[in-house]
>>> print(open('model_34.cif').read())   # mmCIF, C-alpha atoms and all ligand atoms
data_my_file
#
loop_
_atom_site.group_PDB
_atom_site.id
_atom_site.type_symbol
_atom_site.label_atom_id
_atom_site.label_comp_id
_atom_site.auth_asym_id
_atom_site.auth_seq_id
_atom_site.Cartn_x
_atom_site.Cartn_y
_atom_site.Cartn_z
ATOM 1 C CA MET A 7 32.899 7.552 16.033
ATOM 2 C CA SER A 8 29.152 7.321 16.555
ATOM 3 C CA GLU A 9 26.667 7.751 13.750
ATOM 4 C CA PRO A 10 23.031 8.788 13.925
ATOM 5 C CA GLY A 11 20.782 5.932 14.824
ATOM 6 C CA SER A 12 23.636 3.837 16.192
ATOM 7 C CA ALA A 13 25.789 4.388 19.259
ATOM 8 C CA SER A 14 25.695 7.601 21.247
ATOM 9 C CA ALA A 15 27.002 10.753 19.602
ATOM 10 C CA LEU A 16 27.921 12.059 23.041
ATOM 11 C CA MET A 17 30.312 10.946 25.732
ATOM 12 C CA ILE A 18 29.057 11.755 29.206
ATOM 13 C CA ARG A 19 30.827 11.427 32.513
ATOM 14 C CA ASP A 20 30.943 13.134 35.883
ATOM 15 C CA GLU A 21 33.969 14.829 37.383
ATOM 16 C CA GLY A 22 32.758 15.351 40.942
ATOM 17 C CA ALA A 23 29.698 17.609 40.680
ATOM 18 C CA VAL A 24 30.496 18.583 37.069
ATOM 19 C CA ARG A 25 28.701 16.772 34.226
ATOM 20 C CA LEU A 26 31.120 16.647 31.303
ATOM 21 C CA ILE A 27 29.354 16.293 27.939
ATOM 22 C CA THR A 28 31.645 15.639 24.978
ATOM 23 C CA LEU A 29 30.291 15.980 21.436
ATOM 24 C CA ASN A 30 31.522 12.816 19.781
ATOM 25 C CA ARG A 31 31.365 12.636 15.980
ATOM 26 C CA PRO A 32 34.980 13.674 15.381
ATOM 27 C CA ALA A 33 35.154 12.429 11.760
ATOM 28 C CA ALA A 34 32.429 14.984 10.892
ATOM 29 C CA LEU A 35 33.923 17.618 13.214
ATOM 30 C CA ASN A 36 31.110 16.912 15.692
ATOM 31 C CA ALA A 37 28.476 18.278 13.297
ATOM 32 C CA PHE A 38 24.952 17.975 14.678
ATOM 33 C CA THR A 39 22.538 15.406 13.357
ATOM 34 C CA ALA A 40 18.918 15.360 14.519
ATOM 35 C CA ALA A 41 19.691 12.292 16.638
ATOM 36 C CA MET A 42 22.673 14.018 18.242
ATOM 37 C CA LEU A 43 20.648 17.144 19.023
ATOM 38 C CA ALA A 44 17.987 14.992 20.677
ATOM 39 C CA GLU A 45 20.684 13.285 22.750
ATOM 40 C CA LEU A 46 22.135 16.618 23.773
ATOM 41 C CA ARG A 47 18.739 17.863 24.910
ATOM 42 C CA GLN A 48 18.266 14.706 26.960
ATOM 43 C CA ALA A 49 21.759 15.023 28.452
ATOM 44 C CA LEU A 50 21.047 18.606 29.553
ATOM 45 C CA ALA A 51 17.672 17.595 30.985
ATOM 46 C CA ASP A 52 19.317 14.755 32.920
ATOM 47 C CA ALA A 53 21.952 17.129 34.303
ATOM 48 C CA ALA A 54 19.283 19.653 35.294
ATOM 49 C CA GLU A 55 17.311 17.006 37.174
ATOM 50 C CA ASP A 56 20.244 15.374 38.966
ATOM 51 C CA ALA A 57 20.691 17.062 42.356
ATOM 52 C CA GLY A 58 24.284 15.813 42.471
ATOM 53 C CA VAL A 59 25.220 17.725 39.325
ATOM 54 C CA LYS A 60 26.030 21.385 39.970
ATOM 55 C CA ALA A 61 27.582 22.494 36.663
ATOM 56 C CA VAL A 62 27.748 21.334 33.039
ATOM 57 C CA LEU A 63 30.867 21.425 30.893
ATOM 58 C CA ILE A 64 30.513 20.930 27.118
ATOM 59 C CA THR A 65 33.431 20.198 24.799
ATOM 60 C CA GLY A 66 34.187 18.385 21.551
ATOM 61 C CA GLU A 67 36.121 15.213 20.775
ATOM 62 C CA GLY A 68 38.990 15.493 18.300
ATOM 63 C CA ARG A 69 40.091 18.653 16.530
ATOM 64 C CA ALA A 70 36.767 20.522 16.544
ATOM 65 C CA PHE A 71 34.199 21.734 19.038
ATOM 66 C CA SER A 72 31.446 21.442 16.415
ATOM 67 C CA ALA A 73 31.029 22.332 12.732
ATOM 68 C CA GLY A 74 27.351 23.136 13.342
ATOM 69 C CA GLN A 75 24.484 21.475 11.542
ATOM 70 C CA ASP A 76 25.467 18.255 9.740
ATOM 71 C CA LEU A 77 24.816 19.320 6.181
ATOM 72 C CA ALA A 78 24.519 15.679 5.090
ATOM 73 C CA ASP A 79 21.828 14.800 7.643
ATOM 74 C CA PRO A 80 18.726 13.603 5.743
ATOM 75 C CA MET A 81 16.665 15.935 7.944
ATOM 76 C CA VAL A 82 18.111 18.992 6.145
ATOM 77 C CA ALA A 83 20.069 17.882 3.079
ATOM 78 C CA PRO A 84 18.259 18.257 -0.256
ATOM 79 C CA ASP A 85 16.698 14.921 -1.260
ATOM 80 C CA PRO A 86 18.412 12.742 -3.928
ATOM 81 C CA THR A 87 16.567 14.618 -6.664
ATOM 82 C CA GLY A 88 17.939 17.930 -5.322
ATOM 83 C CA LYS A 89 14.577 19.006 -3.917
ATOM 84 C CA PRO A 90 15.142 21.226 -0.838
ATOM 85 C CA ARG A 91 13.644 20.328 2.531
ATOM 86 C CA ASP A 92 11.916 22.560 5.059
ATOM 87 C CA ILE A 93 14.885 23.200 7.332
ATOM 88 C CA SER A 94 12.787 25.329 9.714
ATOM 89 C CA ARG A 95 11.545 21.993 11.109
ATOM 90 C CA GLN A 96 15.056 21.273 12.368
ATOM 91 C CA LEU A 97 15.083 24.636 14.160
ATOM 92 C CA ASP A 98 11.598 24.235 15.634
ATOM 93 C CA GLU A 99 12.160 20.673 16.781
ATOM 94 C CA TYR A 100 15.758 20.813 17.947
ATOM 95 C CA TYR A 101 17.716 24.069 17.952
ATOM 96 C CA ILE A 102 15.102 26.370 19.479
ATOM 97 C CA PRO A 103 14.295 23.999 22.385
ATOM 98 C CA LEU A 104 18.017 23.366 22.862
ATOM 99 C CA ALA A 105 18.951 27.058 22.953
ATOM 100 C CA LEU A 106 16.081 27.811 25.368
ATOM 101 C CA GLN A 107 16.991 24.853 27.546
ATOM 102 C CA LEU A 108 20.610 25.989 27.772
ATOM 103 C CA ARG A 109 19.517 29.506 28.716
ATOM 104 C CA ALA A 110 17.231 28.206 31.467
ATOM 105 C CA MET A 111 19.510 25.599 33.037
ATOM 106 C CA PRO A 112 19.222 25.628 36.837
ATOM 107 C CA ILE A 113 22.997 25.178 37.019
ATOM 108 C CA PRO A 114 25.825 27.039 35.264
ATOM 109 C CA THR A 115 27.167 25.935 31.908
ATOM 110 C CA VAL A 116 30.734 26.153 30.642
ATOM 111 C CA ALA A 117 31.934 25.589 27.063
ATOM 112 C CA ALA A 118 35.489 24.383 26.483
ATOM 113 C CA VAL A 119 36.013 25.188 22.814
ATOM 114 C CA ASN A 120 38.793 22.849 21.782
ATOM 115 C CA GLY A 121 38.935 23.633 18.040
ATOM 116 C CA VAL A 122 36.774 25.101 15.338
ATOM 117 C CA ALA A 123 33.224 26.074 16.347
ATOM 118 C CA ALA A 124 31.178 26.893 13.239
ATOM 119 C CA GLY A 125 27.551 27.777 12.587
ATOM 120 C CA ALA A 126 25.238 26.376 15.233
ATOM 121 C CA GLY A 127 28.344 24.901 16.893
ATOM 122 C CA ALA A 128 29.657 28.418 17.527
ATOM 123 C CA ASN A 129 26.334 29.727 18.755
ATOM 124 C CA LEU A 130 25.703 26.757 21.006
ATOM 125 C CA ALA A 131 29.079 27.449 22.658
ATOM 126 C CA LEU A 132 28.296 31.170 22.927
ATOM 127 C CA GLY A 133 24.998 30.264 24.598
ATOM 128 C CA CYS A 134 26.895 28.784 27.547
ATOM 129 C CA ASP A 135 27.473 30.964 30.602
ATOM 130 C CA ILE A 136 31.260 30.938 30.459
ATOM 131 C CA VAL A 137 33.181 30.189 27.279
ATOM 132 C CA LEU A 138 36.826 29.158 27.395
ATOM 133 C CA ALA A 139 38.738 28.347 24.231
ATOM 134 C CA GLY A 140 42.081 26.797 23.437
ATOM 135 C CA GLU A 141 44.434 29.215 21.679
ATOM 136 C CA GLY A 142 44.131 27.122 18.524
ATOM 137 C CA ALA A 143 40.334 27.271 18.530
ATOM 138 C CA SER A 144 38.287 29.483 16.242
ATOM 139 C CA PHE A 145 34.726 30.696 15.765
ATOM 140 C CA ILE A 146 33.015 30.938 12.383
ATOM 141 C CA GLN A 147 29.555 32.313 11.644
ATOM 142 C CA ALA A 148 29.432 29.982 8.649
ATOM 143 C CA PHE A 149 25.776 30.571 7.774
ATOM 144 C CA ALA A 150 26.020 33.270 5.070
ATOM 145 C CA LYS A 151 28.403 31.081 3.060
ATOM 146 C CA ILE A 152 25.592 28.568 2.542
ATOM 147 C CA GLY A 153 22.823 31.121 2.075
ATOM 148 C CA LEU A 154 21.465 31.148 5.646
ATOM 149 C CA ILE A 155 21.237 33.549 8.574
ATOM 150 C CA PRO A 156 22.893 32.995 11.985
ATOM 151 C CA ASP A 157 20.586 30.749 14.005
ATOM 152 C CA CYS A 158 20.728 28.910 17.319
ATOM 153 C CA GLY A 159 20.488 32.376 18.907
ATOM 154 C CA GLY A 160 23.207 34.001 16.784
ATOM 155 C CA THR A 161 21.236 37.099 15.787
ATOM 156 C CA TRP A 162 20.421 37.748 19.454
ATOM 157 C CA LEU A 163 23.748 36.813 21.008
ATOM 158 C CA LEU A 164 26.203 38.442 18.620
ATOM 159 C CA PRO A 165 25.129 42.097 18.853
ATOM 160 C CA ARG A 166 24.770 41.779 22.612
ATOM 161 C CA LEU A 167 28.229 40.298 22.988
ATOM 162 C CA VAL A 168 30.236 42.365 20.513
ATOM 163 C CA GLY A 169 27.986 45.227 19.316
ATOM 164 C CA ARG A 170 26.259 45.711 15.949
ATOM 165 C CA ALA A 171 29.301 46.565 13.828
ATOM 166 C CA LYS A 172 31.339 43.515 14.838
ATOM 167 C CA ALA A 173 28.244 41.291 14.833
ATOM 168 C CA LEU A 174 27.605 42.236 11.223
ATOM 169 C CA GLN A 175 31.260 41.782 10.301
ATOM 170 C CA LEU A 176 31.295 38.278 11.779
ATOM 171 C CA ALA A 177 27.892 37.276 10.385
ATOM 172 C CA LEU A 178 28.180 38.746 6.877
ATOM 173 C CA LEU A 179 31.771 37.797 6.103
ATOM 174 C CA GLY A 180 31.797 34.495 7.978
ATOM 175 C CA ASP A 181 35.527 34.839 8.580
ATOM 176 C CA LYS A 182 37.379 32.631 11.016
ATOM 177 C CA LEU A 183 37.841 34.420 14.345
ATOM 178 C CA LYS A 184 40.729 33.130 16.426
ATOM 179 C CA ALA A 185 40.288 32.558 20.156
ATOM 180 C CA ALA A 186 42.493 35.475 21.227
ATOM 181 C CA GLU A 187 40.539 37.908 19.057
ATOM 182 C CA ALA A 188 37.275 36.462 20.356
ATOM 183 C CA VAL A 189 38.463 37.379 23.861
ATOM 184 C CA SER A 190 39.484 40.894 22.858
ATOM 185 C CA LEU A 191 36.061 41.441 21.238
ATOM 186 C CA GLY A 192 34.270 40.274 24.381
ATOM 187 C CA LEU A 193 32.770 37.292 22.564
ATOM 188 C CA ILE A 194 34.208 34.745 25.010
ATOM 189 C CA ALA A 195 35.686 34.819 28.502
ATOM 190 C CA ARG A 196 39.207 33.425 28.127
ATOM 191 C CA ALA A 197 41.689 31.812 25.760
ATOM 192 C CA VAL A 198 44.191 29.406 27.287
ATOM 193 C CA PRO A 199 46.987 27.234 25.889
ATOM 194 C CA ASP A 200 45.424 24.229 24.144
ATOM 195 C CA ALA A 201 47.103 21.763 26.490
ATOM 196 C CA GLU A 202 45.575 23.516 29.501
ATOM 197 C CA LEU A 203 42.051 23.948 28.126
ATOM 198 C CA MET A 204 40.364 20.990 29.807
ATOM 199 C CA SER A 205 42.043 21.462 33.187
ATOM 200 C CA GLU A 206 41.205 25.180 33.177
ATOM 201 C CA ALA A 207 37.625 24.576 32.016
ATOM 202 C CA LEU A 208 37.117 21.851 34.592
ATOM 203 C CA ALA A 209 38.519 24.076 37.352
ATOM 204 C CA THR A 210 36.089 26.826 36.286
ATOM 205 C CA ALA A 211 33.159 24.400 36.220
ATOM 206 C CA GLN A 212 34.156 22.964 39.609
ATOM 207 C CA LYS A 213 34.373 26.442 41.091
ATOM 208 C CA LEU A 214 30.864 27.194 39.804
ATOM 209 C CA ALA A 215 29.643 23.813 41.071
ATOM 210 C CA ALA A 216 30.649 24.751 44.613
ATOM 211 C CA MET A 217 28.616 27.982 44.456
ATOM 212 C CA PRO A 218 24.898 28.504 45.146
ATOM 213 C CA SER A 219 23.189 27.185 41.965
ATOM 214 C CA ARG A 220 19.947 29.071 42.361
ATOM 215 C CA ALA A 221 21.659 32.437 42.837
ATOM 216 C CA LEU A 222 23.807 31.785 39.751
ATOM 217 C CA ALA A 223 20.809 30.812 37.607
ATOM 218 C CA GLU A 224 18.908 33.894 38.793
ATOM 219 C CA THR A 225 21.938 36.065 38.009
ATOM 220 C CA ARG A 226 21.942 34.780 34.421
ATOM 221 C CA ARG A 227 18.193 35.311 34.125
ATOM 222 C CA LEU A 228 18.335 38.874 35.406
ATOM 223 C CA ILE A 229 21.305 39.841 33.238
ATOM 224 C CA ASP A 230 19.464 38.551 30.147
ATOM 225 C CA GLN A 231 16.242 40.248 31.210
ATOM 226 C CA ALA A 232 17.970 43.554 31.970
ATOM 227 C CA MET A 233 18.833 43.937 28.270
ATOM 228 C CA THR A 234 15.237 44.983 27.656
ATOM 229 C CA LEU A 235 14.492 46.834 30.929
ATOM 230 C CA ASP A 236 15.095 50.432 31.916
ATOM 231 C CA PHE A 237 17.269 51.093 34.972
ATOM 232 C CA GLU A 238 14.454 51.470 37.483
ATOM 233 C CA ASP A 239 12.695 48.309 36.316
ATOM 234 C CA ALA A 240 15.987 46.425 36.586
ATOM 235 C CA LEU A 241 16.422 47.703 40.160
ATOM 236 C CA ARG A 242 12.913 46.509 41.031
ATOM 237 C CA VAL A 243 13.415 43.063 39.507
ATOM 238 C CA GLU A 244 16.690 42.810 41.439
ATOM 239 C CA ALA A 245 14.874 43.668 44.682
ATOM 240 C CA LEU A 246 12.124 41.133 44.004
ATOM 241 C CA THR A 247 14.578 38.352 43.233
ATOM 242 C CA GLN A 248 16.886 39.268 46.105
ATOM 243 C CA GLY A 249 13.878 39.129 48.417
ATOM 244 C CA GLU A 250 13.087 35.599 47.268
ATOM 245 C CA LEU A 251 16.699 34.486 47.607
ATOM 246 C CA GLY A 252 16.807 36.022 51.079
ATOM 247 C CA PHE A 253 14.206 33.472 52.236
ATOM 248 C CA ALA A 254 16.065 30.532 50.659
ATOM 249 C CA HIS A 255 18.389 28.078 52.380
ATOM 250 C CA ASP A 256 21.539 29.104 50.553
ATOM 251 C CA TYR A 257 21.515 32.692 51.826
ATOM 252 C CA SER A 258 21.222 31.642 55.489
ATOM 253 C CA GLU A 259 23.819 28.949 54.928
ATOM 254 C CA GLY A 260 26.181 31.337 53.115
ATOM 255 C CA VAL A 261 25.996 33.902 55.922
ATOM 256 C CA ARG A 262 26.287 31.264 58.667
ATOM 257 C CA ALA A 263 29.279 29.645 56.967
ATOM 258 C CA PHE A 264 30.951 33.045 56.615
ATOM 259 C CA MET A 265 30.442 33.844 60.299
ATOM 260 C CA GLU A 266 31.598 30.385 61.352
ATOM 261 C CA LYS A 267 34.622 30.578 59.012
ATOM 262 C CA ARG A 268 33.785 27.295 57.242
ATOM 263 C CA ALA A 269 32.954 26.224 53.696
ATOM 264 C CA PRO A 270 29.223 26.627 52.908
ATOM 265 C CA GLU A 271 27.035 23.709 51.869
ATOM 266 C CA PHE A 272 24.665 25.075 49.247
ATOM 267 C CA LYS A 273 21.694 23.036 48.083
ATOM 268 C CA ASP A 274 19.019 25.272 46.514
ATOM 269 C CA ARG A 275 18.005 24.780 42.863
HETATM 270 O O1 LIG A 301 20.065 23.205 8.281
HETATM 271 C C1 LIG A 301 19.483 23.595 9.267
HETATM 272 O O2 LIG A 301 18.911 22.845 10.086
HETATM 273 C C2 LIG A 301 19.520 24.999 9.631
HETATM 274 C C3 LIG A 301 20.481 25.156 10.732
HETATM 275 C C4 LIG A 301 21.711 25.476 10.441
HETATM 276 C C5 LIG A 301 22.702 25.596 11.508
HETATM 277 C C6 LIG A 301 24.106 25.594 10.996
HETATM 278 O O3 LIG A 301 24.949 25.232 11.761
HETATM 279 S S1 LIG A 301 24.403 26.091 9.395
HETATM 280 C C7 LIG A 301 26.165 25.982 9.283
HETATM 281 C C8 LIG A 301 26.609 24.585 9.018
HETATM 282 N N1 LIG A 301 28.038 24.473 9.105
HETATM 283 C C9 LIG A 301 28.855 24.878 8.129
HETATM 284 O O4 LIG A 301 28.454 25.402 7.115
HETATM 285 C C10 LIG A 301 30.320 24.598 8.338
HETATM 286 C C11 LIG A 301 30.805 23.595 7.309
HETATM 287 N N2 LIG A 301 32.160 23.202 7.582
HETATM 288 C C12 LIG A 301 33.214 23.987 7.270
HETATM 289 O O5 LIG A 301 33.086 25.095 6.809
HETATM 290 C C13 LIG A 301 34.568 23.412 7.537
HETATM 291 O O6 LIG A 301 34.454 22.022 7.674
HETATM 292 C C14 LIG A 301 35.248 23.960 8.818
HETATM 293 C C15 LIG A 301 35.644 25.427 8.595
HETATM 294 C C16 LIG A 301 34.330 23.851 10.039
HETATM 295 C C17 LIG A 301 36.540 23.152 9.113
HETATM 296 O O7 LIG A 301 37.319 23.106 7.931
HETATM 297 P P1 LIG A 301 38.495 22.047 7.804
HETATM 298 O O8 LIG A 301 39.206 22.340 6.529
HETATM 299 O O9 LIG A 301 39.296 22.081 9.061
HETATM 300 O O10 LIG A 301 37.800 20.596 7.773
HETATM 301 P P2 LIG A 301 37.016 19.923 6.541
HETATM 302 O O11 LIG A 301 38.000 19.152 5.725
HETATM 303 O O12 LIG A 301 36.180 20.926 5.854
HETATM 304 O O13 LIG A 301 36.044 18.931 7.313
HETATM 305 C C18 LIG A 301 36.500 17.685 7.831
HETATM 306 C C19 LIG A 301 35.416 16.661 7.646
HETATM 307 O O14 LIG A 301 34.257 17.085 8.370
HETATM 308 C C20 LIG A 301 34.990 16.555 6.187
HETATM 309 O O15 LIG A 301 34.596 15.220 5.959
HETATM 310 P P3 LIG A 301 35.534 14.235 5.096
HETATM 311 O O16 LIG A 301 35.752 14.894 3.768
HETATM 312 O O17 LIG A 301 36.796 14.118 5.905
HETATM 313 O O18 LIG A 301 34.743 12.972 5.021
HETATM 314 C C21 LIG A 301 33.772 17.444 6.132
HETATM 315 O O19 LIG A 301 32.886 17.114 5.088
HETATM 316 C C22 LIG A 301 33.149 17.166 7.472
HETATM 317 N N3 LIG A 301 32.295 18.288 7.884
HETATM 318 C C23 LIG A 301 32.695 19.498 8.291
HETATM 319 N N4 LIG A 301 31.639 20.270 8.561
HETATM 320 C C24 LIG A 301 30.558 19.503 8.327
HETATM 321 C C25 LIG A 301 30.965 18.241 7.886
HETATM 322 N N5 LIG A 301 30.099 17.288 7.582
HETATM 323 C C26 LIG A 301 28.776 17.580 7.667
HETATM 324 N N6 LIG A 301 28.318 18.774 8.085
HETATM 325 C C27 LIG A 301 29.157 19.749 8.432
HETATM 326 N N7 LIG A 301 28.685 20.938 8.901
#
>>> encode(input="model_34.cif", output="structure tokens", more="lines below")
Ligand code: T3D
Amino acid sequence: MSEPGSASALMIRDEGAVRLITLNRPAALNAFTAAMLAELRQALADAAEDAGVKAVLITGEGRAFSAGQDLADPMVAPDPTGKPRDISRQLDEYYIPLALQLRAMPIPTVAAVNGVAAGAGANLALGCDIVLAGEGASFIQAFAKIGLIPDCGGTWLLPRLVGRAKALQLALLGDKLKAAEAVSLGLIARAVPDAELMSEALATAQKLAAMPSRALAETRRLIDQAMTLDFEDALRVEALTQGELGFAHDYSEGVRAFMEKRAPEFKDR
């Protein structure tokens, strides 16, 4: 296990064009320290800049995806005298940039939730484009139990994903939500047998990696943006974006490859 300030709290490797990032503090259920959050931001930035990487897959080592903020991290834990710290600093410096970065990745992101995902761990997973979970995995909005509100995008994501009533149920009660129920609520895409999670998640990420990155990133952007647009404005933003994509390499290549009955070679970012 890695500890803050020592070895890496992430394991990173490539599977073809997929960058696999594994949260790696299993003894603390992959809870986030400030150092780990900084590493994760760097890992996402590296993936975004590497033209050979076409999708990111995030998972956790051991029996958890992530238990959220490490409550023992000196950055947030009350000092030895019990004096509280300003935990908004942790959000400003780490979680907000991380959540924004994830939302603006030029390539698709997949979460493979291999066990419990609590607090910021749950909302980081839900911030990925496609969320797969093992049948034994669970999601917990753990914040209220320690006197906090859902952060890392939770207040924005939850009502959009499951509606206000279920969002409030999950956030206020902080109950454990099993993977199958998360699927039926529309919170995540799929639940699969635990033993098949990584192969299924990798296959999904590899499928996305073979697709036109720029079109996928624009699709995410427009779907997020459409939440606050009326129908006509959404149609106009679609037309504007489609016009731009129409001049890009990947559209010509996609059409040519279709006509020539061959696999396309996409390259736009
Ligand atoms: O502070 C700020 O910056 C604001 C931002 C906040 C963002 C947040 O994420 S707030 C929410 C923080 N997370 C939690 O409150 C969840 C706390 N953890 C749990 O409720 C439970 O651990 C789980 C439900 C996730 C799993 O339960 P269980 O019974 O399977 O495992 P466990 O025995 O509780 O935990 C195993 C070990 O992991 C244990 O350590 P030990 O006793 O074996 O040495 C436990 O202390 C450690 N651990 C689990 N969660 C955290 C943690 N250590 C530090 N921070 C954690 N969040």
>>> residues_around(input="model_34.cif", residues="Leu35 in chain A", least_positions_apart="6", cutoff="8 Å", atoms="all atoms listed in the file", output="PyMOL selection string")
chain A and resi 68-73
>>> residues_near_ligand(input="model_34.cif", ligand="ligand LIG 301 (chain A)", cutoff="7 Å", atoms="only C-alpha atoms and all ligand atoms", output="ChimeraX atom specification")
/A:33-35,37,73-78,82,93-94,96-97,122-127,148-149,151-152,154,157-158
>>> atom_distance(input="model_34.cif", atom1="CA of Leu16 in chain A", atom2="CA of Thr161 in chain A")
26.9 Å
>>> atom_distance(input="model_34.cif", atom1="CA of Ala110 in chain A", atom2="CA of Glu250 in chain A")
17.9 Å
>>> resolve_selection(input="model_34.cif", expression="the PyMOL selection byres (((chain A and resi 215-230) around 10) and not hetatm)", output="MDAnalysis selection string")
chainID A and resid 22:25 58:62 109:115 135 166 209:214 231:235 240 243:244 247:248 251 254:257 259:260 269:275
>>> closest_residue(input="model_34.cif", among="A:Ala139, A:Leu26, A:Ala188, A:Val168", to="Ala201 in chain A", atoms="only C-alpha atoms")
A:Ala139
>>> residues_near_point(input="model_34.cif", point="(43.1, 26.8, 24.1)", cutoff="6 Å", atoms="all atoms listed in the file", output="PDB file with C-alpha atoms, in the frame of the given file")
ATOM      1  CA  ALA A 139      38.738  28.347  24.231  1.00  0.00           C
ATOM      2  CA  GLY A 140      42.081  26.797  23.437  1.00  0.00           C
ATOM      3  CA  GLU A 141      44.434  29.215  21.679  1.00  0.00           C
ATOM      4  CA  GLY A 142      44.131  27.122  18.524  1.00  0.00           C
ATOM      5  CA  ALA A 197      41.689  31.812  25.760  1.00  0.00           C
ATOM      6  CA  VAL A 198      44.191  29.406  27.287  1.00  0.00           C
ATOM      7  CA  PRO A 199      46.987  27.234  25.889  1.00  0.00           C
ATOM      8  CA  ASP A 200      45.424  24.229  24.144  1.00  0.00           C
ATOM      9  CA  LEU A 203      42.051  23.948  28.126  1.00  0.00           C
TER      10      LEU A 203
END
>>> atom_distance(input="model_34.cif", atom1="CA of Ser144 in chain A", atom2="CA of Asp181 in chain A")
9.7 Å
>>> residues_around(input="model_34.cif", residues="Tyr100 in chain A", least_positions_apart="4", cutoff="10 Å", atoms="all atoms listed in the file", output="PyMOL selection string")
chain A and resi 39-44+46-47+94-96+104-105+158
>>> closest_residue(input="model_34.cif", among="A:Asn30, A:Leu191, A:Ala57, A:Cys134", to="Ala171 in chain A", atoms="all atoms listed in the file")
A:Leu191
>>> closest_residue(input="model_34.cif", among="A:Val116, A:Pro86, A:Asn129, A:Glu21", to="Tyr101 in chain A", atoms="only C-alpha atoms")
A:Asn129
>>> closest_residue(input="model_34.cif", among="A:Ile18, A:Leu163, A:Val119, A:Leu130", to="Ala195 in chain A", atoms="all atoms listed in the file")
A:Val119
>>> axis_aligned_box(input="model_34.cif", around="range 188-195 of chain A", padding_each_side="8 Å", output="lines of an AutoDock Vina configuration file")
center_x = 36.1
center_y = 38.1
center_z = 24.4
size_x = 22.7
size_y = 22.7
size_z = 24.1
>>> residues_around(input="model_34.cif", residues="Leu183 in chain A", least_positions_apart="2", cutoff="9 Å", atoms="all atoms listed in the file", output="mmCIF file with C-alpha atoms, in the frame of the given file")
data_model
loop_
_atom_site.group_PDB
_atom_site.id
_atom_site.type_symbol
_atom_site.label_atom_id
_atom_site.label_comp_id
_atom_site.auth_asym_id
_atom_site.auth_seq_id
_atom_site.Cartn_x
_atom_site.Cartn_y
_atom_site.Cartn_z
ATOM 1 C CA ALA A 143 40.334 27.271 18.530
ATOM 2 C CA SER A 144 38.287 29.483 16.242
ATOM 3 C CA PHE A 145 34.726 30.696 15.765
ATOM 4 C CA ILE A 146 33.015 30.938 12.383
ATOM 5 C CA GLN A 147 29.555 32.313 11.644
ATOM 6 C CA LEU A 176 31.295 38.278 11.779
ATOM 7 C CA GLY A 180 31.797 34.495 7.978
ATOM 8 C CA ASP A 181 35.527 34.839 8.580
ATOM 9 C CA ALA A 185 40.288 32.558 20.156
ATOM 10 C CA ALA A 186 42.493 35.475 21.227
ATOM 11 C CA GLU A 187 40.539 37.908 19.057
ATOM 12 C CA ALA A 188 37.275 36.462 20.356
#
>>> closest_residue(input="model_34.cif", among="A:Ile155, A:Leu132, A:Lys172, A:Lys182", to="Ile194 in chain A", atoms="only C-alpha atoms")
A:Leu132
>>> resolve_selection(input="model_34.cif", expression="the PyMOL selection byres (((chain A and resi 29) around 7) and not hetatm)", output="mmCIF file with C-alpha atoms, in the coordinates of the input")
data_model
loop_
_atom_site.group_PDB
_atom_site.id
_atom_site.type_symbol
_atom_site.label_atom_id
_atom_site.label_comp_id
_atom_site.auth_asym_id
_atom_site.auth_seq_id
_atom_site.Cartn_x
_atom_site.Cartn_y
_atom_site.Cartn_z
ATOM 1 C CA ALA A 15 27.002 10.753 19.602
ATOM 2 C CA LEU A 16 27.921 12.059 23.041
ATOM 3 C CA MET A 17 30.312 10.946 25.732
ATOM 4 C CA ILE A 27 29.354 16.293 27.939
ATOM 5 C CA THR A 28 31.645 15.639 24.978
ATOM 6 C CA ASN A 30 31.522 12.816 19.781
ATOM 7 C CA ARG A 31 31.365 12.636 15.980
ATOM 8 C CA ASN A 36 31.110 16.912 15.692
ATOM 9 C CA THR A 65 33.431 20.198 24.799
ATOM 10 C CA GLY A 66 34.187 18.385 21.551
ATOM 11 C CA GLU A 67 36.121 15.213 20.775
#
>>> closest_residue(input="model_34.cif", among="A:Leu167, A:Ala128, A:Ala53, A:Val261", to="Ser190 in chain A", atoms="all atoms listed in the file")
A:Leu167
